[in-house]
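A.B. asks: I am sharing data14.cif, which consists of mmCIF, C-alpha atoms:
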data_entry
#
loop_
_atom_site.label_atom_id
_atom_site.label_comp_id
_atom_site.auth_asym_id
_atom_site.auth_seq_id
_atom_site.Cartn_x
_atom_site.Cartn_y
_atom_site.Cartn_z
CA MET A 1 -8.50 21.27 -15.13
CA ILE A 2 -4.92 22.31 -14.53
CA LEU A 3 -3.14 20.61 -11.65
CA LYS A 4 0.03 22.06 -10.16
CA THR A 5 2.58 19.44 -9.19
CA LEU A 6 6.15 19.54 -8.00
CA ARG A 7 7.23 16.58 -10.10
CA PHE A 8 5.47 17.28 -13.39
CA GLY A 9 4.86 20.99 -13.25
CA GLU A 10 1.40 21.93 -14.46
CA ILE A 11 -0.56 19.06 -15.93
CA ASP A 12 -3.97 19.01 -17.53
CA ILE A 13 -6.21 16.42 -15.90
CA LYS A 14 -9.81 15.42 -16.23
CA GLU A 15 -12.04 15.55 -13.18
CA ASP A 16 -13.15 12.02 -14.12
CA ASP A 17 -9.60 10.72 -13.71
CA ILE A 18 -9.40 11.57 -10.02
CA LEU A 19 -9.22 8.54 -7.75
CA GLN A 20 -10.75 8.76 -4.31
CA PHE A 21 -8.93 7.13 -1.42
CA PRO A 22 -11.60 7.57 1.27
CA GLN A 23 -9.13 6.59 4.01
CA GLY A 24 -6.08 8.15 2.41
CA LEU A 25 -2.80 6.21 2.46
CA PHE A 26 -1.17 5.08 5.69
CA ALA A 27 0.52 8.14 7.25
CA PHE A 28 -1.14 10.33 4.58
CA GLU A 29 -4.70 9.96 5.86
CA GLU A 30 -5.64 13.58 5.22
CA HIS A 31 -5.01 13.36 1.46
CA LYS A 32 -7.77 11.51 -0.33
CA LYS A 33 -7.55 12.50 -4.00
CA TYR A 34 -4.90 11.24 -6.41
CA ILE A 35 -4.43 10.71 -10.11
CA LEU A 36 -2.40 8.09 -11.98
CA VAL A 37 0.25 9.44 -14.32
CA PRO A 38 1.84 7.05 -16.84
CA VAL A 39 5.60 6.62 -17.01
CA ASN A 40 6.98 7.12 -20.49
CA ASP A 41 8.69 4.10 -21.98
CA ASN A 42 7.95 1.71 -19.14
CA PRO A 43 4.53 0.09 -18.85
CA PHE A 44 5.19 -1.43 -15.41
CA PHE A 45 5.30 1.87 -13.56
CA ARG A 46 2.86 4.65 -12.76
CA TRP A 47 3.10 7.80 -10.71
CA LEU A 48 0.44 8.48 -8.13
CA GLN A 49 0.16 12.24 -7.83
CA CYS A 50 -1.75 13.81 -4.97
CA VAL A 51 -4.37 16.27 -6.22
CA ASP A 52 -4.56 18.59 -3.23
CA GLU A 53 -0.86 18.62 -2.32
CA PRO A 54 1.55 19.30 -5.23
CA LYS A 55 4.56 17.96 -3.30
CA ILE A 56 3.17 14.47 -2.71
CA SER A 57 3.71 11.81 -5.34
CA PHE A 58 4.49 8.13 -5.18
CA LEU A 59 6.09 5.84 -7.70
CA LEU A 60 4.05 2.68 -8.25
CA ILE A 61 4.87 -0.62 -9.88
CA ASP A 62 2.85 -3.57 -11.11
CA PRO A 63 3.68 -6.06 -8.31
CA PHE A 64 3.01 -9.08 -10.51
CA VAL A 65 6.16 -8.22 -12.43
CA ILE A 66 8.15 -8.48 -9.21
CA ARG A 67 6.47 -11.62 -8.00
CA GLU A 68 4.53 -13.74 -10.44
CA ASN A 69 2.44 -15.54 -7.82
CA TYR A 70 1.51 -12.38 -5.93
CA TYR A 71 -2.17 -11.97 -5.22
CA VAL A 72 -4.57 -9.74 -3.36
CA GLU A 73 -7.84 -11.17 -2.19
CA LEU A 74 -10.91 -9.14 -3.04
CA ASP A 75 -13.19 -10.10 -0.20
CA ASP A 76 -16.80 -8.98 0.02
CA SER A 77 -16.15 -6.11 2.40
CA LEU A 78 -13.41 -4.70 0.15
CA LYS A 79 -15.63 -5.10 -2.92
CA GLU A 80 -18.39 -3.27 -1.16
CA GLU A 81 -16.08 -0.55 0.13
CA LEU A 82 -14.64 0.18 -3.30
CA GLY A 83 -17.88 -0.47 -5.20
CA ILE A 84 -16.29 -3.28 -7.21
CA SER A 85 -18.72 -5.12 -9.45
CA LYS A 86 -16.32 -6.63 -11.98
CA GLN A 87 -12.88 -7.97 -11.25
CA GLU A 88 -11.66 -6.58 -14.60
CA ASP A 89 -12.15 -3.05 -13.23
CA VAL A 90 -9.55 -3.62 -10.56
CA VAL A 91 -5.85 -2.89 -10.78
CA VAL A 92 -3.26 -3.45 -8.10
CA TYR A 93 -0.07 -1.44 -7.69
CA THR A 94 2.53 -1.32 -4.96
CA ILE A 95 4.48 1.72 -3.82
CA VAL A 96 8.16 2.01 -4.71
CA THR A 97 10.71 3.46 -2.31
CA LEU A 98 13.89 4.95 -3.80
CA PRO A 99 16.51 5.49 -1.12
CA GLU A 100 18.17 8.82 -1.93
CA GLY A 101 16.60 8.63 -5.36
CA ASP A 102 18.80 5.64 -6.27
CA PHE A 103 16.72 3.54 -8.64
CA GLN A 104 19.07 0.53 -8.41
CA LYS A 105 18.47 0.33 -4.66
CA SER A 106 14.73 0.75 -4.89
CA SER A 107 12.24 -1.61 -3.33
CA THR A 108 8.51 -2.00 -3.34
CA ASN A 109 6.07 -2.55 -0.53
CA LEU A 110 4.34 -5.86 -1.22
CA LEU A 111 2.82 -5.84 2.24
CA ALA A 112 0.51 -2.91 1.57
CA PRO A 113 -0.69 -2.80 -2.05
CA LEU A 114 -3.04 -0.23 -3.53
CA VAL A 115 -6.27 -1.74 -4.81
CA ILE A 116 -7.90 0.54 -7.36
CA ASN A 117 -11.36 0.27 -8.85
CA LEU A 118 -10.77 2.03 -12.16
CA SER A 119 -14.42 2.24 -13.13
CA GLY A 120 -15.68 3.48 -9.75
CA LYS A 121 -12.54 5.62 -9.18
CA LYS A 122 -12.24 4.38 -5.63
CA ALA A 123 -9.09 3.00 -4.10
CA LYS A 124 -7.58 1.78 -0.89
CA GLN A 125 -4.20 0.82 0.50
CA VAL A 126 -4.74 -2.57 2.09
CA LEU A 127 -2.52 -4.35 4.56
CA LEU A 128 -1.86 -8.00 3.80
CA ASP A 129 -0.64 -10.75 6.05
CA GLU A 130 3.11 -10.60 6.75
CA THR A 131 3.66 -13.94 5.06
CA ARG A 132 2.52 -12.57 1.71
CA GLY A 133 5.22 -10.08 1.03
CA GLN A 134 7.73 -7.82 2.63
CA VAL A 135 7.73 -4.10 3.03
CA LYS A 136 11.01 -3.73 1.12
CA GLU A 137 11.00 -6.17 -1.80
CA PRO A 138 13.96 -5.21 -4.01
CA LEU A 139 13.25 -4.25 -7.63
CA PHE A 140 16.67 -5.44 -8.70
CA PRO A 141 17.05 -8.67 -6.70
CA SER A 142 20.16 -10.00 -8.45
CA GLN A 143 22.15 -7.02 -7.21
CA ASP A 144 20.78 -7.52 -3.77
CA ASN A 145 21.80 -11.18 -3.73
CA ARG A 146 25.29 -10.30 -4.81
CA LYS A 147 25.53 -7.89 -1.92
CA VAL A 148 24.36 -10.54 0.54
CA SER A 149 26.62 -13.32 -0.74
CA GLY A 150 29.59 -10.98 -0.99
CA GLY A 151 29.21 -9.57 2.49
CA MET B 1 -6.54 5.01 28.06
CA LEU B 2 -8.93 2.63 29.74
CA ILE B 3 -7.19 -0.26 31.45
CA ILE B 4 -9.15 -3.39 32.35
CA SER B 5 -7.97 -6.64 33.97
CA ARG B 6 -9.16 -9.81 32.29
CA LYS B 7 -8.56 -13.48 33.04
CA VAL B 8 -8.17 -16.17 30.40
CA ASN B 9 -11.49 -16.75 28.58
CA GLU B 10 -12.79 -13.40 29.73
CA GLY B 11 -13.36 -10.70 27.18
CA ILE B 12 -14.57 -7.24 26.42
CA VAL B 13 -17.22 -6.02 24.01
CA LEU B 14 -16.71 -2.85 21.97
CA ASP B 15 -19.57 -0.96 20.43
CA GLY B 16 -22.01 -3.84 20.86
CA ASP B 17 -20.70 -6.23 18.22
CA ILE B 18 -16.92 -6.39 18.52
CA LYS B 19 -15.77 -9.02 20.98
CA ILE B 20 -12.18 -9.46 22.13
CA VAL B 21 -11.37 -12.46 24.33
CA VAL B 22 -8.16 -13.42 26.08
CA VAL B 23 -7.59 -16.92 24.75
CA ALA B 24 -4.32 -17.77 26.45
CA VAL B 25 -1.41 -16.22 28.33
CA GLU B 26 2.00 -17.80 27.80
CA GLY B 27 4.92 -16.00 29.39
CA ASN B 28 4.95 -12.49 27.93
CA LYS B 29 2.58 -13.44 25.10
CA VAL B 30 -1.15 -12.89 25.16
CA LYS B 31 -3.32 -14.62 22.60
CA LEU B 32 -6.42 -12.65 21.72
CA GLY B 33 -9.50 -13.83 19.91
CA ILE B 34 -11.32 -11.15 17.98
CA LYS B 35 -14.85 -11.45 16.68
CA ALA B 36 -15.99 -8.48 14.65
CA PRO B 37 -18.22 -7.64 11.69
CA LYS B 38 -16.51 -7.98 8.31
CA HIS B 39 -16.12 -4.26 7.71
CA ILE B 40 -14.06 -3.83 10.88
CA GLY B 41 -10.41 -3.99 9.95
CA VAL B 42 -8.18 -5.67 12.50
CA LEU B 43 -4.55 -4.73 11.99
CA ARG B 44 -1.43 -5.39 14.00
CA GLU B 45 -0.13 -2.12 15.29
CA GLU B 46 3.52 -2.81 14.41
CA LEU B 47 2.60 -3.61 10.80
CA VAL B 48 0.65 -0.38 10.52
CA GLU B 49 3.69 1.51 11.84
CA LEU B 50 5.97 -0.32 9.41
CA VAL B 51 3.78 0.63 6.45
CA LYS B 52 3.38 4.23 7.64
CA ASN B 53 7.15 4.63 7.85
CA GLU B 54 7.64 3.06 4.42
CA ASN B 55 5.00 5.34 2.87
CA ILE B 56 6.72 8.38 4.35
CA LEU B 57 10.06 7.23 2.92
CA ALA B 58 8.46 6.58 -0.47
CA GLY B 59 6.70 9.93 -0.42
CA GLU B 60 10.01 11.70 0.09
CA THR B 61 11.36 10.57 -3.27
CA ALA B 62 13.32 13.47 -4.62
CA VAL B 63 12.43 14.90 -7.99
CA THR B 64 15.36 13.27 -9.74
CA GLU B 65 15.63 11.70 -13.13
CA ILE B 66 14.95 7.99 -13.07
CA ASP B 67 16.23 5.82 -15.88
CA PHE B 68 13.23 3.52 -16.22
CA SER B 69 14.86 1.64 -19.07
CA LYS B 70 17.04 -0.08 -16.43
CA PHE B 71 14.06 -2.02 -15.20
CA LYS B 72 13.06 -4.87 -17.45
CA ALA B 73 10.42 -7.48 -16.85
CA PRO B 74 11.90 -10.80 -15.77
CA LYS B 75 11.98 -13.47 -18.44
CA LYS B 76 9.29 -16.06 -17.95
#
Can you turn what I pasted into structure tokens?

C.D. replies:
Amino acid sequence: MILKTLRFGEIDIKEDDILQFPQGLFAFEEHKKYILVPVNDNPFFRWLQCVDEPKISFLLIDPFVIRENYYVELDDSLKEELGISKQEDVVVYTIVTLPEGDFQKSSTNLLAPLVINLSGKKAKQVLLDETRGQVKEPLFPSQDNRKVSGG
Amino acid sequence: MLIISRKVNEGIVLDGDIKIVVVAVEGNKVKLGIKAPKHIGVLREELVELVKNENILAGETAVTEIDFSKFKAPKK
């Protein structure tokens, strides 16, 4: 099927590729269908394009690249909710925020990762404990440190 | 909004199996104990607001060119 998007224009997607977010994302509760779009030349990123609203898309990153010891617990209720039977079916991404589109100043939200069951096509944005990650974790931390030490 | 007065160790029950008890009151802090079935998510309101605001910011990302080659995986 052809999907109209603001970011990518018209793209051809398979019905089977559509991910269901039964609860939507925080603040975007009414939108429940998304697809993952790869980013050319960089394996750590994905786009999450909303299926029923062409204007909505999020940039995602593999959070384990940002923080090696990052983890998301798959407890029984989450497994049940997303129909997870094998851990290998699960991928975790976090949403990237680009202030004014400035990639160098971008951060990612380690507090509320997206847990995606790729085989069951079900996903959820979960909220972790505050101690596990911050809402604005910089993608380019060395620059950030320089700013802090210099100011 | 329903407003109920409770003393320490008193609680309320929601929908039969969700129990919220006032554990302690210290100055302007109230400690609550929550007992609920596993599927009931208990979230702090301010964290939910924080994440909502961040999602809105992230969702507003302009359709600009991003030079993804600038981001490289850290050396391990």

A.B. asks: Name the closest residue to B:Gly41 among the candidates B:Ile56, B:Ala24, B:Ile18, B:Ile4; distances are taken between atoms, counting all atoms listed in the file.

C.D. replies: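 For B:Gly41, the nearest of the given residues is B:Ile18.
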
A.B. asks: Rounded to one decimal, what separation in Å do you get between atom CA of B:Ile40 and atom CA of A:Asp75?

C.D. replies: 12.8 Å

A.B. asks: Only residues of chain B matter here; which ones have an atom within 7 Å of chain A, counting all atoms listed in the file? Give them as a ChimeraX atom specification.

C.D. replies: /B:38-39,51-52,55-59,61-64,66,68-69,73

A.B. asks: Name the residues that the PyMOL selection byres ((chain A and resi 82) around 8) picks from the file above, as a ChimeraX atom specification, using the file's chain letters and numbers.

C.D. replies: /A:78-81,83-84,116-117,120,122-124

A.B. asks: Which value, in Å to one decimal, gives the distance between atom CA of A:Glu137 and atom CA of A:Thr94?

C.D. replies: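 Atom CA of A:Thr94 lies at a distance of 10.3 Å from atom CA of A:Glu137.
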
A.B. asks: How would you write, as a list in words, the residues chosen by the PyMOL selection byres ((chain B and resi 31) around 12) on this structure?

C.D. replies: Lys7, Val8, Asn9, Glu10, Gly11, Ile20, Val21, Val22, Val23, Ala24, Val25, Glu26, Gly27, Asn28, Lys29, Val30, Leu32, Gly33 and Ile34 of chain B

A.B. asks: Box time for stretch 109-116 of chain A: axis-aligned, enclosing all its listed atoms, 6 Å extra on each side; report centre and edge lengths in Å to one decimal, as AutoDock Vina command-line options.

C.D. replies:
--center_x -0.9 --center_y -2.7 --center_z -2.6 --size_x 26.0 --size_y 18.4 --size_z 21.6

A.B. asks: Given the file above and the PyMOL selection byres ((chain A and resi 33) around 6), which residues are selected, and can you give them as a list in words?

C.D. replies: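 Here the PyMOL selection byres ((chain A and resi 33) around 6) matches Leu19, Gln20, Lys32, Tyr34 and Val51 of chain A.
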
A.B. asks: When you count only C-alpha atoms, which of these residues is closest to A:Val90: A:Asp12, A:Leu48, A:Lys4, A:Leu118?

C.D. replies: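 Nearest candidate to A:Val90 out of A:Asp12, A:Leu48, A:Lys4, A:Leu118: A:Leu118.
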
A.B. asks: How many Å lie between atom CA of A:Ile11 and atom CA of A:Lys105, rounded to one decimal?

C.D. replies: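 If I compute the distance from atom CA of A:Ile11 to atom CA of A:Lys105, I get 29.0 Å.
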
A.B. asks: Looking at A:Pro138, A:Tyr70, A:Cys50, A:Thr5, which one is nearest to A:Glu29, with distances taken over all atoms listed in the file?

C.D. replies: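 Under the stated criterion, the closest residue is A:Cys50.
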